[in-house]
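So the structure is just underneath, and the comments pick up after that.
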Amino acid sequence: MTIKIVNHTDKPAVIENYSTDRYVDRDYMEREWAGMWRQTWLLAGLESDLKKPGDYFVFDMGREQILITRTKTGAVQGYYNVCQHRGNRLVNDERGHADSFRCAYHAWTYDTEGVLKVVPYEERFAKGVPCADRSLRKVHTDLWDGFVFVSMAENPQPLLSFLGPLVELLAPYRFHKMVLVEDQTARLQCNWKAVIDNFSELYHVDFLHPQHKRMVDCCNDTVHLFPHGHTGLAVPGATINPRFPVPQEPTDIQSAQLQSLGLDPADFAGRVLDVREAVQKRKREVGRNMGLDYASFSDDQLSDVWQYNLFPNVIFSFTPEHCWVMRPRPHPTDPERCYFDKLSLLLFADPDINPDAAPIVGPGRPEKQSGTRLAEDYARPARDVFDHHAIISGEKTMTDTIGVTRFQYRVAQR
Ligand code: FES
């Protein structure tokens, strides 16, 4: 097992606070809220949920809820989802479309720019209504590669500066072209950092996820520490875990990968360690037939699984064809509870590259919309929210951290 750490920051790579307070203490939670959640950039959602002016979604973050919309000028803007009359929650739907936002309590109405436009019986306010002072309260809002970020800080650093070297490192993946195919939230009974801790080490993988031996070599990697608390690693994919007995034949996952690329698994009997390189080469050969553009990817990126963790609470796990965005959010009041979101994004074939390419079938099971060939026609899935008990009982699944279905894409046979 080889795990290297490369520290790109000027800070030591050590944890200095081993206290359990970090997970259970309400005072610690309050300090975290004031000193971190309210000070940093937060991934709020997908730009694809804001296709046209008036589209909106809400983002629950601890005790706050942010309303994010595309304004009539085409900008994306976040507001506290709070009516400026008596503080009623302004929008109650998870997402939708509105030409204006009308409070249900006394019908004060705001336009998509957040400006108060309608005050019923305005003449009955003895001192008048200072409409100009009652606009919705904005939060800083910015976009990166299809993702919407917000910051409740007074004066945050620019988003791209916060993301730093990740912007260039992740650029080949073009997440904005991927389509949401599954939207899940699990209610967990643990602090949000327990989830982050889990995704910050691979020590457990051989023991907790031995099934991964069929597809990745999960401990031969380098963990990179970046400024502002972000981390990143790449796991060799299309291979096997050599700490387990090396099989003679390609595994089921390797075979599925090879067959999807028009290769015969039998040709790799006795040489399963050659599959990774063969997958890399073959993707370059047949990529455009599949309606995919692999030109910007390195050979390693074509086969490997990358995981980048964005400070403070987002885990990206991705290949060129898919991305899982995993995001534990803190409970409003209880440090021992959190919400764990998982957004599954998938790259469809680009008809501009090959109009006859088959759409890709992947981890979000878009075959449920079997008539859909184009990404823009794919209906956004509803969010599925469930308790962790549903996962334990097998009623629900968020798939493995690296799931079998990841590789179940279909390629037009040529
Ligand atoms: S609280 Fe919204 S209109 Fe009164």
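Ordering of the structure tokens sets the chain letters (A, B, ...); residue numbers start at 1 within each chain; ligands are numbered from 1 in the order shown.
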
Contact residues around His230 in chain A with only C-alpha atoms at 12 Å, ignoring same-chain residues under 2 positions, as a tab-separated table (two decimals) with N, CA and C atoms, in the first residue's frame:
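The new file selection-v7.tsv reads:
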```tsv
chain	number	residue	atom	x	y	z
A	7	ASN	N	1.82	18.34	0.02
A	7	ASN	CA	1.21	19.52	0.62
A	7	ASN	C	1.55	20.75	-0.22
A	8	HIS	N	0.53	21.32	-0.88
A	8	HIS	CA	0.74	22.51	-1.72
A	8	HIS	C	0.47	23.79	-0.93
A	9	THR	N	0.32	23.69	0.37
A	9	THR	CA	0.01	24.88	1.17
A	9	THR	C	1.22	25.23	2.03
A	162	PHE	N	-10.74	31.40	-4.32
A	162	PHE	CA	-10.99	30.40	-3.27
A	162	PHE	C	-10.73	28.99	-3.81
A	163	LEU	N	-11.17	28.72	-5.03
A	163	LEU	CA	-10.97	27.38	-5.60
A	163	LEU	C	-9.52	27.16	-6.02
A	164	GLY	N	-8.81	28.24	-6.33
A	164	GLY	CA	-7.37	28.17	-6.59
A	164	GLY	C	-7.01	27.22	-7.71
A	165	PRO	N	-6.01	26.35	-7.50
A	165	PRO	CA	-5.53	25.48	-8.58
A	165	PRO	C	-6.55	24.45	-9.05
A	166	LEU	N	-7.61	24.24	-8.28
A	166	LEU	CA	-8.62	23.25	-8.70
A	166	LEU	C	-9.29	23.65	-10.01
A	167	VAL	N	-9.39	24.94	-10.25
A	167	VAL	CA	-10.08	25.40	-11.46
A	167	VAL	C	-9.38	24.83	-12.70
A	196	ILE	N	-17.22	13.85	6.13
A	196	ILE	CA	-16.00	14.39	5.52
A	196	ILE	C	-14.78	13.57	5.94
A	200	SER	N	-11.98	11.49	3.59
A	200	SER	CA	-10.64	12.08	3.64
A	200	SER	C	-9.57	11.01	3.81
A	223	VAL	N	-2.34	11.93	-2.14
A	223	VAL	CA	-3.30	12.92	-1.66
A	223	VAL	C	-2.65	14.29	-1.74
A	224	HIS	N	-3.30	15.20	-2.43
A	224	HIS	CA	-2.78	16.56	-2.57
A	224	HIS	C	-3.55	17.49	-1.63
A	225	LEU	N	-2.81	18.28	-0.88
A	225	LEU	CA	-3.42	19.29	-0.01
A	225	LEU	C	-3.25	20.65	-0.68
A	226	PHE	N	-4.37	21.34	-0.89
A	226	PHE	CA	-4.34	22.62	-1.61
A	226	PHE	C	-4.68	23.76	-0.66
A	227	PRO	N	-4.36	24.98	-1.06
A	227	PRO	CA	-4.74	26.14	-0.24
A	227	PRO	C	-6.25	26.18	0.00
A	228	HIS	N	-6.64	26.80	1.08
A	228	HIS	CA	-8.03	27.00	1.50
A	228	HIS	C	-8.72	25.70	1.90
A	232	GLY	N	-7.27	16.63	-2.94
A	232	GLY	CA	-7.56	15.89	-4.16
A	232	GLY	C	-6.71	14.64	-4.27
A	233	LEU	N	-7.26	13.62	-4.91
A	233	LEU	CA	-6.51	12.39	-5.16
A	233	LEU	C	-7.07	11.73	-6.41
A	307	GLN	N	-11.06	12.02	-6.91
A	307	GLN	CA	-11.91	12.54	-5.83
A	307	GLN	C	-11.30	13.82	-5.31
A	308	TYR	N	-12.04	14.90	-5.43
A	308	TYR	CA	-11.59	16.19	-4.90
A	308	TYR	C	-12.58	16.65	-3.84
A	309	ASN	N	-12.08	17.05	-2.71
A	309	ASN	CA	-12.92	17.55	-1.64
A	309	ASN	C	-12.77	19.06	-1.57
A	310	LEU	N	-13.88	19.75	-1.74
A	310	LEU	CA	-13.88	21.21	-1.64
A	310	LEU	C	-14.22	21.61	-0.22
A	311	PHE	N	-13.38	22.42	0.37
A	311	PHE	CA	-13.67	22.91	1.71
A	311	PHE	C	-14.95	23.75	1.66
A	312	PRO	N	-15.85	23.64	2.64
A	312	PRO	CA	-15.71	22.74	3.78
A	312	PRO	C	-16.42	21.40	3.64
A	313	ASN	N	-17.38	21.26	2.71
A	313	ASN	CA	-18.27	20.10	2.85
A	313	ASN	C	-18.69	19.45	1.54
A	314	VAL	N	-17.91	19.57	0.48
A	314	VAL	CA	-18.32	18.96	-0.78
A	314	VAL	C	-17.28	17.96	-1.25
A	315	ILE	N	-17.76	16.79	-1.63
A	315	ILE	CA	-16.89	15.73	-2.17
A	315	ILE	C	-17.29	15.50	-3.62
A	316	PHE	N	-16.35	15.69	-4.52
A	316	PHE	CA	-16.57	15.37	-5.93
A	316	PHE	C	-15.87	14.04	-6.21
```

Given a cut-off of 7 Å, what residues near ligand 1 show up using only C-alpha atoms and all ligand atoms, put as a PDB file with C-alpha atoms, in the first residue's frame?
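Final output, saved to out16.pdb:
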```
ATOM      1  CA  CYS A  83     -39.779  38.353   3.562  1.00  0.00           C
ATOM      2  CA  GLN A  84     -38.632  41.794   4.694  1.00  0.00           C
ATOM      3  CA  HIS A  85     -42.010  42.641   6.224  1.00  0.00           C
ATOM      4  CA  ARG A  86     -42.411  40.261   9.155  1.00  0.00           C
ATOM      5  CA  GLY A  87     -39.792  37.673   8.325  1.00  0.00           C
ATOM      6  CA  ASN A  88     -42.045  35.008   6.879  1.00  0.00           C
ATOM      7  CA  LEU A  90     -40.906  33.759   1.194  1.00  0.00           C
ATOM      8  CA  CYS A 103     -45.210  36.347   0.351  1.00  0.00           C
ATOM      9  CA  ALA A 104     -48.142  34.234   1.520  1.00  0.00           C
ATOM     10  CA  TYR A 105     -48.591  36.240   4.742  1.00  0.00           C
ATOM     11  CA  HIS A 106     -49.533  39.778   3.595  1.00  0.00           C
ATOM     12  CA  ALA A 107     -48.747  39.492  -0.133  1.00  0.00           C
ATOM     13  CA  TRP A 108     -45.683  41.735  -0.297  1.00  0.00           C
TER      14      TRP A 108
END
```

With only C-alpha atoms as the basis for distance, which of A:Leu188, A:Val216, A:Leu263, A:Leu343 is at the shortest distance from Phe386 in chain A?
-> A:Leu188

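Of all the residues in range 84-202 of chain A, the ones DSSP labels as alpha helix (DSSP H) from the backbone are Leu159, Leu160, Ser161, Phe162, Leu163, Leu166, Val167, Glu168, Leu169, Trp192, Lys193, Ala194, Val195, Ile196, Asp197 and Asn198 of chain A.
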
Identify which of the residues A:Met29, A:Leu345, A:Val129, A:Leu116 lies closest to Phe147 in chain A, counting only C-alpha atoms when measuring atom-to-atom distances.
-> A:Leu345

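In this structure, CA of Asp341 in chain A sits 28.4 Å away from CA of Asp300 in chain A.
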
Which residues of range 302-346 of chain A come within 10 Å of range 176-184 of chain A, and for each one, what is the closest pair of atoms and their distance in Å to one decimal, counting only C-alpha atoms, sorted by chain and residue number, as a tab-separated table?
```
residue	atom	partner	partner_atom	distance
A:Pro320	CA	A:Met178	CA	9.8
A:Glu321	CA	A:Met178	CA	8.0
A:His322	CA	A:Met178	CA	7.1
A:Cys323	CA	A:Met178	CA	7.9
A:Trp324	CA	A:Leu180	CA	9.5
A:Val325	CA	A:Asp183	CA	9.8
A:Met326	CA	A:Gln184	CA	9.5
A:Phe340	CA	A:Gln184	CA	8.1
A:Asp341	CA	A:Gln184	CA	5.7
A:Lys342	CA	A:Gln184	CA	5.2
A:Leu343	CA	A:Asp183	CA	4.8
A:Ser344	CA	A:Glu182	CA	5.0
A:Leu345	CA	A:Leu180	CA	4.4
A:Leu346	CA	A:Met178	CA	5.0
```

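Taking only C-alpha atoms into account, Ala132 in chain A lies nearest to A:Val115 out of the set A:Trp144, A:Arg187, A:Val115, A:Thr239.
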
Per-residue DSSP, range 324-357 of chain A, filtered to strand (DSSP E), as a ChimeraX atom specification = /A:324-330,338-346

For the selection you just gave me, I'd like the residues written to a file as a short mmCIF file (atom, residue, chain, number, x, y, z; two decimals), in the first residue's frame, keeping N, CA and C atoms.
```cif
data_model
loop_
_atom_site.label_atom_id
_atom_site.label_comp_id
_atom_site.auth_asym_id
_atom_site.auth_seq_id
_atom_site.Cartn_x
_atom_site.Cartn_y
_atom_site.Cartn_z
N TRP A 324 -20.18 12.38 -9.16
CA TRP A 324 -21.03 12.37 -7.97
C TRP A 324 -20.63 13.57 -7.12
N VAL A 325 -21.62 14.35 -6.75
CA VAL A 325 -21.38 15.48 -5.85
C VAL A 325 -22.02 15.11 -4.52
N MET A 326 -21.20 14.92 -3.51
CA MET A 326 -21.70 14.50 -2.20
C MET A 326 -21.46 15.63 -1.21
N ARG A 327 -22.48 15.93 -0.42
CA ARG A 327 -22.43 17.16 0.37
C ARG A 327 -23.14 16.97 1.71
N PRO A 328 -22.42 16.74 2.79
CA PRO A 328 -23.08 16.74 4.10
C PRO A 328 -23.33 18.18 4.56
N ARG A 329 -24.58 18.43 4.96
CA ARG A 329 -24.94 19.77 5.47
C ARG A 329 -25.31 19.67 6.94
N PRO A 330 -24.95 20.67 7.72
CA PRO A 330 -25.24 20.59 9.16
C PRO A 330 -26.73 20.72 9.45
N CYS A 338 -27.12 15.39 10.55
CA CYS A 338 -26.80 16.14 9.33
C CYS A 338 -27.61 15.60 8.18
N TYR A 339 -27.53 16.30 7.06
CA TYR A 339 -28.18 15.88 5.82
C TYR A 339 -27.09 15.57 4.81
N PHE A 340 -27.17 14.42 4.19
CA PHE A 340 -26.14 14.01 3.23
C PHE A 340 -26.76 13.97 1.83
N ASP A 341 -26.36 14.93 1.02
CA ASP A 341 -26.87 15.01 -0.35
C ASP A 341 -25.95 14.27 -1.29
N LYS A 342 -26.55 13.65 -2.29
CA LYS A 342 -25.74 13.06 -3.37
C LYS A 342 -26.42 13.38 -4.70
N LEU A 343 -25.71 14.14 -5.52
CA LEU A 343 -26.18 14.47 -6.86
C LEU A 343 -25.39 13.62 -7.84
N SER A 344 -26.07 12.85 -8.67
CA SER A 344 -25.39 12.02 -9.67
C SER A 344 -25.52 12.68 -11.02
N LEU A 345 -24.39 13.03 -11.61
CA LEU A 345 -24.36 13.70 -12.90
C LEU A 345 -23.75 12.76 -13.93
N LEU A 346 -24.27 12.84 -15.14
CA LEU A 346 -23.83 11.92 -16.18
C LEU A 346 -23.68 12.67 -17.49
#
```

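Within the 9 Å cut-off around Thr40 in chain A, using only C-alpha atoms and omitting residues fewer than 2 positions from it on the same chain, the listed residues are Gly35, Met36, Trp37, Arg38, Leu42, Val150, Ser151, Met152, Ala153, Pro156, Gln157, Phe162, Phe311 and Pro312 of chain A.
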
Using only C-alpha atoms, which of A:Leu302, A:Leu258, A:Val6, A:Val76 sits nearest Leu50 in chain A?
-> A:Val76
